[in-house]
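Trainee: I am sharing upload.txt, which consists of compact mmCIF, C-alpha atoms and all ligand atoms:
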```
# COMPACT_ATOMS: atom_id res chain seq x y z
CA MET A 1 -13.14 -13.06 12.12
CA SER A 2 -13.40 -16.21 10.09
CA ARG A 3 -10.51 -16.63 7.66
CA ALA A 4 -12.55 -18.58 5.14
CA PRO A 5 -14.29 -15.66 3.34
CA VAL A 6 -10.98 -13.88 2.68
CA GLU A 7 -9.37 -17.10 1.52
CA ARG A 8 -12.32 -17.88 -0.77
CA ALA A 9 -12.13 -14.38 -2.19
CA LEU A 10 -8.39 -14.33 -2.84
CA VAL A 11 -7.74 -17.85 -4.01
CA THR A 12 -8.95 -18.94 -7.39
CA THR A 13 -10.04 -22.53 -7.82
CA PRO A 14 -8.55 -24.05 -10.98
CA GLN A 15 -11.38 -24.55 -13.50
CA PRO A 16 -11.65 -27.16 -16.26
CA GLU A 17 -10.64 -25.90 -19.72
CA GLN A 18 -13.67 -24.18 -21.21
CA GLY A 19 -13.95 -20.80 -22.82
CA GLY A 20 -10.34 -19.68 -22.47
CA ARG A 21 -8.19 -18.21 -19.73
CA ARG A 22 -9.36 -14.62 -20.05
CA ARG A 23 -13.01 -15.50 -19.56
CA ARG A 24 -12.29 -17.77 -16.59
CA HIS A 25 -10.16 -15.08 -15.04
CA ALA A 26 -12.83 -12.40 -15.53
CA ALA A 27 -15.43 -14.71 -13.98
CA ALA A 28 -13.18 -15.43 -11.01
CA VAL A 29 -12.56 -11.75 -10.44
CA ARG A 30 -16.31 -11.03 -10.70
CA SER A 31 -17.19 -13.74 -8.21
CA MET A 32 -14.51 -12.51 -5.84
CA ALA A 33 -15.78 -8.99 -6.07
CA GLY A 34 -19.20 -10.33 -5.11
CA ALA A 35 -17.75 -12.34 -2.23
CA TRP A 36 -16.30 -9.18 -0.69
CA SER A 37 -18.86 -7.96 1.79
CA GLY A 38 -16.91 -5.82 4.19
CA ALA A 39 -15.50 -8.90 5.92
CA VAL A 40 -12.93 -7.04 8.00
CA PRO A 41 -12.16 -7.84 11.61
CA ALA A 42 -14.07 -6.10 14.37
CA ILE A 43 -11.13 -6.18 16.77
CA ALA A 44 -8.99 -3.08 16.43
CA SER A 45 -5.76 -4.77 17.51
CA GLU A 46 -6.03 -7.57 14.96
CA SER A 47 -3.25 -7.74 12.43
CA VAL A 48 -4.40 -7.08 8.87
CA MET A 49 -1.11 -7.94 7.19
CA THR A 50 1.86 -9.85 8.56
CA LEU A 51 5.37 -10.27 7.20
CA HIS A 52 7.20 -13.35 8.42
CA ASP A 53 10.92 -13.90 7.68
CA LEU A 54 10.53 -11.75 4.58
CA SER A 55 13.59 -11.47 2.37
CA VAL A 56 13.59 -9.85 -1.06
CA TYR A 57 16.13 -10.38 -3.83
CA TYR A 58 16.70 -8.50 -7.06
CA GLY A 59 18.48 -11.21 -9.05
CA ASP A 60 21.33 -12.33 -6.76
CA PHE A 61 21.23 -9.13 -4.73
CA LEU A 62 19.65 -9.51 -1.30
CA ALA A 63 17.93 -6.16 -0.79
CA VAL A 64 15.97 -6.88 2.39
CA HIS A 65 16.63 -9.63 4.92
CA ASP A 66 14.39 -11.43 7.39
CA VAL A 67 11.69 -8.90 8.21
CA ASP A 68 9.02 -9.78 10.77
CA LEU A 69 6.35 -7.13 11.01
CA HIS A 70 2.60 -6.84 11.35
CA PHE A 71 0.20 -4.05 10.48
CA GLY A 72 -2.73 -3.40 12.79
CA TYR A 73 -6.33 -2.89 11.76
CA ARG A 74 -7.07 0.73 10.83
CA GLU A 75 -3.69 1.82 12.08
CA ILE A 76 -1.26 4.10 10.24
CA THR A 77 2.23 2.63 10.18
CA ALA A 78 5.19 4.64 8.90
CA LEU A 79 8.23 2.93 7.38
CA ILE A 80 11.28 5.13 7.86
CA GLY A 81 15.03 4.79 7.38
CA PRO A 82 17.86 6.00 5.16
CA SER A 83 17.64 5.80 1.40
CA GLY A 84 18.23 2.30 0.04
CA CYS A 85 17.31 0.42 3.23
CA GLY A 86 14.42 -1.34 1.50
CA LYS A 87 11.31 0.58 2.60
CA SER A 88 9.77 0.73 -0.88
CA THR A 89 10.80 -2.85 -1.57
CA VAL A 90 8.94 -4.02 1.55
CA LEU A 91 5.94 -1.84 0.69
CA ARG A 92 5.73 -3.29 -2.82
CA CYS A 93 5.68 -6.83 -1.36
CA LEU A 94 2.40 -6.02 0.37
CA ASN A 95 0.40 -6.00 -2.86
CA ARG A 96 2.81 -7.95 -5.05
CA MET A 97 3.94 -4.92 -7.04
CA ASN A 98 7.44 -6.46 -6.99
CA ASP A 99 6.03 -9.12 -9.34
CA LEU A 100 6.30 -6.47 -12.05
CA ILE A 101 10.08 -6.13 -11.56
CA ILE A 102 12.07 -8.68 -13.55
CA GLY A 103 14.35 -10.67 -11.24
CA ALA A 104 12.57 -9.66 -8.03
CA ARG A 105 12.01 -12.64 -5.73
CA VAL A 106 10.40 -12.91 -2.33
CA GLU A 107 11.16 -15.45 0.41
CA GLY A 108 9.20 -15.88 3.62
CA SER A 109 5.54 -15.00 3.81
CA VAL A 110 3.20 -12.05 3.49
CA THR A 111 -0.27 -12.75 4.82
CA TYR A 112 -3.45 -10.73 4.48
CA HIS A 113 -6.03 -11.70 7.12
CA GLY A 114 -4.09 -14.94 7.47
CA VAL A 115 -4.01 -15.77 3.73
CA ASP A 116 -0.55 -16.01 2.13
CA ILE A 117 -0.79 -13.57 -0.79
CA TYR A 118 2.10 -15.38 -2.52
CA GLY A 119 0.29 -18.72 -2.17
CA PRO A 120 -0.64 -20.82 -5.19
CA ASP A 121 -3.76 -19.74 -7.09
CA VAL A 122 -4.00 -16.39 -5.31
CA ASP A 123 -5.60 -13.84 -7.61
CA VAL A 124 -3.15 -10.95 -7.83
CA ILE A 125 -5.79 -8.54 -9.17
CA GLU A 126 -7.94 -9.20 -6.13
CA VAL A 127 -4.92 -8.69 -3.86
CA ARG A 128 -4.26 -5.30 -5.47
CA ARG A 129 -7.92 -4.35 -5.19
CA ARG A 130 -7.87 -5.02 -1.46
CA VAL A 131 -4.41 -3.55 -0.96
CA GLY A 132 -4.39 -0.32 -2.99
CA MET A 133 -1.34 1.82 -3.70
CA VAL A 134 -0.52 5.49 -4.08
CA PHE A 135 2.83 6.38 -5.59
CA GLN A 136 5.46 9.06 -5.05
CA LYS A 137 4.45 11.14 -8.05
CA PRO A 138 0.76 11.60 -8.79
CA ASN A 139 0.02 9.34 -11.77
CA PRO A 140 -3.53 9.95 -12.94
CA PHE A 141 -4.57 8.30 -16.19
CA PRO A 142 -4.89 10.65 -19.21
CA LYS A 143 -8.66 10.51 -18.81
CA SER A 144 -11.39 12.59 -17.23
CA ILE A 145 -11.58 12.97 -13.46
CA TYR A 146 -14.71 10.79 -13.48
CA ASP A 147 -13.13 8.04 -15.59
CA ASN A 148 -10.02 7.94 -13.40
CA ILE A 149 -12.21 6.94 -10.46
CA ALA A 150 -14.56 4.66 -12.42
CA TYR A 151 -11.63 2.79 -14.00
CA GLY A 152 -10.88 0.43 -11.08
CA PRO A 153 -14.47 -0.64 -10.41
CA ARG A 154 -14.94 -1.20 -14.18
CA VAL A 155 -11.83 -3.31 -14.81
CA THR A 156 -12.23 -5.41 -11.67
CA GLY A 157 -15.86 -6.08 -12.58
CA MET A 158 -17.11 -4.67 -9.27
CA LYS A 159 -20.87 -4.65 -8.97
CA VAL A 160 -21.85 -1.10 -8.03
CA ALA A 161 -25.43 0.13 -7.74
CA SER A 162 -24.52 3.50 -9.26
CA MET A 163 -21.15 4.40 -10.75
CA ALA A 164 -21.89 8.12 -10.25
CA GLU A 165 -22.41 7.51 -6.53
CA THR A 166 -19.26 5.38 -6.32
CA VAL A 167 -17.27 8.20 -7.95
CA GLU A 168 -18.78 10.82 -5.65
CA HIS A 169 -18.16 8.73 -2.54
CA ALA A 170 -14.49 8.15 -3.46
CA LEU A 171 -13.93 11.85 -4.24
CA ARG A 172 -15.61 12.89 -0.98
CA SER A 173 -13.50 10.40 0.98
CA ALA A 174 -10.37 11.90 -0.61
CA ALA A 175 -11.52 15.45 0.29
CA LEU A 176 -11.64 16.40 -3.38
CA TRP A 177 -15.36 16.41 -4.24
CA ASP A 178 -16.02 20.10 -3.55
CA GLU A 179 -13.10 21.12 -5.74
CA VAL A 180 -14.01 18.97 -8.76
CA LYS A 181 -17.76 18.30 -8.66
CA ASP A 182 -18.44 20.81 -11.45
CA LYS A 183 -15.70 19.54 -13.77
CA LEU A 184 -15.85 15.77 -13.59
CA LYS A 185 -15.52 15.50 -17.38
CA GLU A 186 -12.31 17.56 -17.47
CA ASN A 187 -8.97 15.84 -17.94
CA ALA A 188 -7.28 14.86 -14.67
CA TYR A 189 -4.11 16.63 -15.85
CA SER A 190 -5.91 19.96 -15.45
CA LEU A 191 -5.70 19.53 -11.66
CA SER A 192 -2.85 20.81 -9.47
CA GLY A 193 -0.23 18.33 -8.21
CA GLY A 194 -1.85 18.09 -4.78
CA GLN A 195 -5.30 17.59 -6.32
CA GLN A 196 -3.88 14.93 -8.65
CA GLN A 197 -2.47 13.06 -5.66
CA ARG A 198 -5.85 13.22 -3.88
CA LEU A 199 -7.41 11.98 -7.12
CA CYS A 200 -5.02 9.01 -7.04
CA ILE A 201 -6.06 8.36 -3.43
CA ALA A 202 -9.73 8.54 -4.53
CA ARG A 203 -8.93 6.13 -7.37
CA ALA A 204 -7.45 3.69 -4.85
CA ILE A 205 -10.49 4.08 -2.56
CA ALA A 206 -12.96 3.43 -5.39
CA THR A 207 -12.20 -0.29 -5.49
CA GLN A 208 -13.07 -0.54 -1.78
CA PRO A 209 -9.67 -1.62 -0.50
CA ASP A 210 -8.94 -2.62 3.07
CA VAL A 211 -5.33 -1.42 3.08
CA ILE A 212 -3.78 1.62 1.34
CA LEU A 213 -0.04 1.69 0.69
CA MET A 214 1.54 5.10 0.19
CA ASP A 215 5.08 5.42 -1.14
CA GLU A 216 6.27 8.91 -0.21
CA PRO A 217 2.95 10.40 -1.34
CA CYS A 218 3.95 13.99 -0.52
CA SER A 219 7.50 14.08 -1.82
CA SER A 220 6.58 16.06 -4.93
CA LEU A 221 4.09 18.38 -3.19
CA ASP A 222 4.37 21.81 -1.60
CA PRO A 223 3.77 22.24 2.17
CA ILE A 224 0.10 23.23 1.78
CA ALA A 225 -0.74 20.26 -0.45
CA THR A 226 1.28 18.05 1.93
CA ALA A 227 -0.74 19.25 4.92
CA LYS A 228 -3.98 18.43 3.08
CA ILE A 229 -2.82 14.88 2.37
CA GLU A 230 -1.71 14.44 6.00
CA ASP A 231 -5.14 15.65 7.23
CA LEU A 232 -6.75 13.32 4.77
CA MET A 233 -4.73 10.37 6.08
CA HIS A 234 -6.11 10.93 9.57
CA SER A 235 -9.69 10.76 8.30
CA LEU A 236 -8.93 7.77 6.03
CA ALA A 237 -7.64 5.85 9.04
CA ASP A 238 -11.27 5.57 10.25
CA GLU A 239 -11.85 3.27 7.30
CA PHE A 240 -8.53 1.88 6.11
CA THR A 241 -5.26 0.42 7.33
CA ILE A 242 -2.55 2.71 5.97
CA ILE A 243 1.14 1.98 5.48
CA ILE A 244 3.28 4.93 4.42
CA VAL A 245 6.91 5.13 3.37
CA THR A 246 8.31 8.52 4.16
CA HIS A 247 11.72 10.20 4.21
CA ASN A 248 10.23 12.92 6.35
CA MET A 249 10.50 12.04 10.03
CA GLN A 250 8.24 14.91 11.09
CA GLN A 251 5.63 13.50 8.77
CA ALA A 252 5.98 10.03 10.30
CA ALA A 253 5.60 11.57 13.76
CA ARG A 254 2.55 13.61 12.67
CA VAL A 255 0.56 10.93 10.88
CA SER A 256 1.39 7.48 12.23
CA GLN A 257 0.57 5.45 15.31
CA ARG A 258 3.37 2.94 14.71
CA THR A 259 6.76 3.43 13.13
CA ALA A 260 9.11 0.79 11.74
CA PHE A 261 12.73 1.86 11.39
CA PHE A 262 14.83 0.14 8.72
CA THR A 263 18.49 0.47 7.97
CA ALA A 264 20.99 -1.02 5.51
CA GLU A 265 23.95 -2.92 6.91
CA ALA A 266 27.10 -4.03 5.11
CA ASP A 267 27.18 -7.75 4.27
CA ASP A 268 30.13 -10.13 3.67
CA GLN A 269 30.11 -9.45 -0.09
CA GLY A 270 30.52 -5.71 0.33
CA GLY A 271 26.85 -5.04 -0.46
CA ARG A 272 24.27 -3.43 1.78
CA VAL A 273 21.27 -5.37 3.04
CA GLY A 274 18.13 -3.74 4.38
CA ARG A 275 16.90 -4.84 7.82
CA LEU A 276 14.17 -3.89 10.20
CA VAL A 277 15.83 -2.45 13.29
CA GLU A 278 12.74 -1.90 15.45
CA VAL A 279 9.06 -1.18 15.34
CA ASP A 280 7.03 0.41 18.09
CA GLU A 281 4.51 3.09 18.87
CA THR A 282 5.54 6.23 17.02
CA ARG A 283 5.85 8.33 20.17
CA LYS A 284 8.19 5.70 21.68
CA ILE A 285 10.35 5.52 18.55
CA PHE A 286 10.74 9.30 18.55
CA SER A 287 11.18 9.77 22.31
CA ASN A 288 12.79 6.62 23.66
CA PRO A 289 13.78 4.10 20.98
CA ALA A 290 15.09 0.72 22.13
CA LYS A 291 18.02 0.60 19.67
CA LYS A 292 20.96 2.95 19.37
CA ALA A 293 20.79 2.86 15.57
CA THR A 294 17.25 4.23 15.73
CA GLU A 295 18.28 6.97 18.13
CA ASP A 296 21.22 7.94 15.90
CA TYR A 297 18.91 8.16 12.90
CA ILE A 298 16.09 10.13 14.48
CA SER A 299 18.54 12.52 16.11
CA GLY A 300 20.15 13.12 12.72
CA ARG A 301 23.49 11.49 13.55
CA PHE A 302 23.29 9.31 10.47
CA GLY A 303 21.18 8.77 7.35
P1 LIG A 401 14.30 2.69 0.00
O1 LIG A 401 12.86 2.68 -0.36
O2 LIG A 401 14.53 2.48 1.47
O3 LIG A 401 15.05 3.88 -0.50
P2 LIG A 401 14.52 0.56 -1.96
O4 LIG A 401 13.52 -0.43 -1.53
O5 LIG A 401 14.16 1.48 -3.06
O6 LIG A 401 14.97 1.40 -0.68
O7 LIG A 401 15.86 -0.17 -2.36
C1 LIG A 401 16.46 -1.17 -1.53
C2 LIG A 401 17.64 -1.75 -2.28
O8 LIG A 401 17.17 -2.47 -3.40
C3 LIG A 401 18.59 -0.69 -2.82
O9 LIG A 401 19.92 -1.20 -2.75
C4 LIG A 401 18.15 -0.52 -4.26
O10 LIG A 401 19.23 -0.12 -5.09
C5 LIG A 401 17.70 -1.93 -4.61
N1 LIG A 401 16.64 -1.91 -5.61
C6 LIG A 401 15.45 -1.29 -5.51
N2 LIG A 401 14.71 -1.48 -6.62
C7 LIG A 401 15.45 -2.26 -7.43
C8 LIG A 401 15.25 -2.81 -8.74
N3 LIG A 401 14.12 -2.60 -9.43
N4 LIG A 401 16.23 -3.56 -9.28
C9 LIG A 401 17.39 -3.79 -8.60
N5 LIG A 401 17.65 -3.30 -7.36
C10 LIG A 401 16.69 -2.54 -6.79
```
Just give me the structure of the file as structure tokens.
Mentor:
Amino acid sequence: MSRAPVERALVTTPQPEQGGRRRRHAAAVRSMAGAWSGAVPAIASESVMTLHDLSVYYGDFLAVHDVDLHFGYREITALIGPSGCGKSTVLRCLNRMNDLIIGARVEGSVTYHGVDIYGPDVDVIEVRRRVGMVFQKPNPFPKSIYDNIAYGPRVTGMKVASMAETVEHALRSAALWDEVKDKLKENAYSLSGGQQQRLCIARAIATQPDVILMDEPCSSLDPIATAKIEDLMHSLADEFTIIIVTHNMQQAARVSQRTAFFTAEADDQGGRVGRLVEVDETRKIFSNPAKKATEDYISGRFG
């Protein structure tokens, strides 16, 4: 795949001063939305996102050190490891959510189809449209089911032929349409926790992302709602690259093709620094990992 269309879409060209920042920004986002025409690679093994020498600091605290990792096209990758080893920190780097944390700083590079998403003039809104996120606790907006889904396409200025069809498509993709089609105007809070989480997945899908990040998406759900989300992930993998943080090793084994195991090691200053120990096919990680630390973790000897 040619890199140029992705680069053109993500990187804003500085414009001469006319009409104010907000208008220029809105125009840039609109033109980028137009430039997006399903330009994803045809080769299944191609890396969609790559981390190179990634380190993340919170102020002076080094939370994650020197991570090299790539995420394959339409593959589900699970990030596992004990609490505090930096899984969520790494996940948030993939769509620049760490930008919202005061003092958070990233070194190294994070590329999306070869474009450094921390590069100068990269449009963060466009990055987050292409790399959507679903959080631990369902967080629908206090709006109707319909408006929750329509929100992303509206604010990013996406050109859609029919908003009603966009909403229906996203809800069908998230396996929620049949349950909500007769109550689209009802408040999203009227849904169950599991339905709210599928609504949040539909909301992420509505902006036509390429990658979906999921940060422990089932941790607040019961086993039945969890099973529905796991089934949904399998069908979403036909269309999206998915990266999931999970504390649940059975879940990682059930849903992912690749698993990255992180741990936190003591540093010279008495702190603990997160590192990637190994990444491999999920069945290899769970049956014959290369590193002893991984084996100790998956066999329950630590963490
Ligand atoms: P995990 O997802 O593996 O549980 P995190 O990425 O949440 O790990 O945290 C990694 C390290 O970074 C931990 O030591 C945690 O305390 C620290 N950390 C996470 N978020 C912040 C933050 N907003 N400010 C300061 N330190 C943070």
Trainee: Which residue is closest to ligand LIG 401 (chain A)? Choose from A:Gly271, A:Pro223, A:Gly132, A:Gly108 and count all atoms listed in the file.
Mentor: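 The closest residue to ligand LIG 401 (chain A) is A:Gly271.
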Trainee: Pick the closest to A:Leu171 from A:Ala150, A:Ile125, A:Cys93, A:Ala202: which is it, counting only C-alpha atoms?
Mentor: A:Ala202
Trainee: Show me which residues sit within 10 Å of ligand LIG 401 (chain A) when counting all atoms listed in the file, and put them as a PyMOL selection string.
Mentor: chain A and resi 56-64+79-92+98+100-104+215-216+245-247+262-264+271-275
Trainee: Neighbours of stretch 48-52 of chain A within 8 Å (only C-alpha atoms; same-chain residues fewer than 5 positions away dropped), as a ChimeraX atom specification?
Mentor: /A:66-73,94,108-114,241
Trainee: Export, as a compact mmCIF listing (two decimals), in the coordinates of the input, the selected residues with C-alpha atoms.
Mentor:
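Saved file again.txt follows:
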```txt
# COMPACT_ATOMS: atom_id res chain seq x y z
CA ASP A 66 14.39 -11.43 7.39
CA VAL A 67 11.69 -8.90 8.21
CA ASP A 68 9.02 -9.78 10.77
CA LEU A 69 6.35 -7.13 11.01
CA HIS A 70 2.60 -6.84 11.35
CA PHE A 71 0.20 -4.05 10.48
CA GLY A 72 -2.73 -3.40 12.79
CA TYR A 73 -6.33 -2.89 11.76
CA LEU A 94 2.40 -6.02 0.37
CA GLY A 108 9.20 -15.88 3.62
CA SER A 109 5.54 -15.00 3.81
CA VAL A 110 3.20 -12.05 3.49
CA THR A 111 -0.27 -12.75 4.82
CA TYR A 112 -3.45 -10.73 4.48
CA HIS A 113 -6.03 -11.70 7.12
CA GLY A 114 -4.09 -14.94 7.47
CA THR A 241 -5.26 0.42 7.33
```
Trainee: Taking the point (5.2, 16.4, -4.2) as given in the file, collect each protein or nucleic acid residue that comes within 10 Å of it, counting all atoms listed in the file, and present the set as a ChimeraX atom specification.
Mentor: /A:136-138,193-194,197,216-223,225-226
Trainee: Give the answer as one residue: which of A:Val127, A:Ser55, A:Ile76, A:Asp296 has the shortest atom-to-atom distance to A:Glu107, using all atoms listed in the file?
Mentor: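 Nearest candidate to A:Glu107 out of A:Val127, A:Ser55, A:Ile76, A:Asp296: A:Ser55.
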Trainee: Would you mind reading off the distance between atom CA of A:Pro142 and atom CA of A:Val167, one decimal, in Å?
Mentor: 16.9 Å
Trainee: What does the structure give for the distance between atom CA of A:Asp210 and atom CA of A:Tyr118, in Å to one decimal?
Mentor: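 Value for the atom CA of A:Asp210-atom CA of A:Tyr118 distance: 17.8 Å.
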Trainee: Which residue is closest to A:Arg172? Choose from A:Thr259, A:Leu236, A:Asp116, A:Val124 and count all atoms listed in the file.
Mentor: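 For A:Arg172, the nearest of the given residues is A:Leu236.
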Trainee: For A:His234, which residue out of A:Glu7, A:Asp53, A:Glu281, A:Glu75 is the nearest one, using only C-alpha atoms?
Mentor: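 That would be A:Glu75, the residue with the smallest distance to A:His234.
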Trainee: To one decimal in Å, tell me the separation between atom CA of A:Glu230 and atom CA of A:Val255.
Mentor: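 For atom CA of A:Glu230 relative to atom CA of A:Val255, the distance reads 6.4 Å.
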Trainee: Select, from A:Val106, A:Leu213, A:Ala227, A:Leu184, the residue with the minimum atom-to-atom distance to A:Ile201, counting only C-alpha atoms.
Mentor: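 Of all the options, A:Leu213 lies closest to A:Ile201.
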Trainee: Could you give me, as a PDB file with C-alpha atoms, in the coordinates of the input, the residues within 12 Å of A:Ile205, counting all atoms listed in the file and dropping anything in the same chain fewer than 3 positions from it?
Mentor:
```
ATOM      1  CA  ARG A 128      -4.260  -5.300  -5.470  1.00  0.00           C
ATOM      2  CA  ARG A 129      -7.920  -4.350  -5.190  1.00  0.00           C
ATOM      3  CA  ARG A 130      -7.870  -5.020  -1.460  1.00  0.00           C
ATOM      4  CA  VAL A 131      -4.410  -3.550  -0.960  1.00  0.00           C
ATOM      5  CA  GLY A 132      -4.390  -0.320  -2.990  1.00  0.00           C
ATOM      6  CA  MET A 133      -1.340   1.820  -3.700  1.00  0.00           C
ATOM      7  CA  VAL A 134      -0.520   5.490  -4.080  1.00  0.00           C
ATOM      8  CA  ASN A 148     -10.020   7.940 -13.400  1.00  0.00           C
ATOM      9  CA  ILE A 149     -12.210   6.940 -10.460  1.00  0.00           C
ATOM     10  CA  ALA A 150     -14.560   4.660 -12.420  1.00  0.00           C
ATOM     11  CA  TYR A 151     -11.630   2.790 -14.000  1.00  0.00           C
ATOM     12  CA  GLY A 152     -10.880   0.430 -11.080  1.00  0.00           C
ATOM     13  CA  PRO A 153     -14.470  -0.640 -10.410  1.00  0.00           C
ATOM     14  CA  THR A 166     -19.260   5.380  -6.320  1.00  0.00           C
ATOM     15  CA  VAL A 167     -17.270   8.200  -7.950  1.00  0.00           C
ATOM     16  CA  GLU A 168     -18.780  10.820  -5.650  1.00  0.00           C
ATOM     17  CA  HIS A 169     -18.160   8.730  -2.540  1.00  0.00           C
ATOM     18  CA  ALA A 170     -14.490   8.150  -3.460  1.00  0.00           C
ATOM     19  CA  LEU A 171     -13.930  11.850  -4.240  1.00  0.00           C
ATOM     20  CA  ARG A 172     -15.610  12.890  -0.980  1.00  0.00           C
ATOM     21  CA  SER A 173     -13.500  10.400   0.980  1.00  0.00           C
ATOM     22  CA  ALA A 174     -10.370  11.900  -0.610  1.00  0.00           C
ATOM     23  CA  ALA A 175     -11.520  15.450   0.290  1.00  0.00           C
ATOM     24  CA  ARG A 198      -5.850  13.220  -3.880  1.00  0.00           C
ATOM     25  CA  LEU A 199      -7.410  11.980  -7.120  1.00  0.00           C
ATOM     26  CA  CYS A 200      -5.020   9.010  -7.040  1.00  0.00           C
ATOM     27  CA  ILE A 201      -6.060   8.360  -3.430  1.00  0.00           C
ATOM     28  CA  ALA A 202      -9.730   8.540  -4.530  1.00  0.00           C
ATOM     29  CA  GLN A 208     -13.070  -0.540  -1.780  1.00  0.00           C
ATOM     30  CA  PRO A 209      -9.670  -1.620  -0.500  1.00  0.00           C
ATOM     31  CA  ASP A 210      -8.940  -2.620   3.070  1.00  0.00           C
ATOM     32  CA  VAL A 211      -5.330  -1.420   3.080  1.00  0.00           C
ATOM     33  CA  ILE A 212      -3.780   1.620   1.340  1.00  0.00           C
ATOM     34  CA  LEU A 213      -0.040   1.690   0.690  1.00  0.00           C
ATOM     35  CA  LEU A 236      -8.930   7.770   6.030  1.00  0.00           C
ATOM     36  CA  GLU A 239     -11.850   3.270   7.300  1.00  0.00           C
ATOM     37  CA  PHE A 240      -8.530   1.880   6.110  1.00  0.00           C
ATOM     38  CA  THR A 241      -5.260   0.420   7.330  1.00  0.00           C
ATOM     39  CA  ILE A 242      -2.550   2.710   5.970  1.00  0.00           C
TER      40      ILE A 242
END
```
Trainee: Using only C-alpha atoms, can you list as a CSV table (one decimal) with C-alpha atoms, keeping the file's coordinate frame the residues within 6 Å of (3.1, 7.2, 7.6)?
Mentor:
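The resulting file, selection-v5.csv, is shown below:
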```csv
chain,number,residue,atom,x,y,z
A,76,ILE,CA,-1.3,4.1,10.2
A,77,THR,CA,2.2,2.6,10.2
A,78,ALA,CA,5.2,4.6,8.9
A,243,ILE,CA,1.1,2.0,5.5
A,244,ILE,CA,3.3,4.9,4.4
A,252,ALA,CA,6.0,10.0,10.3
A,255,VAL,CA,0.6,10.9,10.9
A,256,SER,CA,1.4,7.5,12.2
```
Trainee: Would you compute, for all listed atoms of stretch 239-249 of chain A, the axis-aligned bounding box grown by 5 Å on each side, and then report its centre and edge lengths in Å rounded to one decimal, as AutoDock Vina command-line options?
Mentor:
```
--center_x -0.1 --center_y 6.7 --center_z 6.7 --size_x 33.6 --size_y 22.5 --size_z 16.7
```
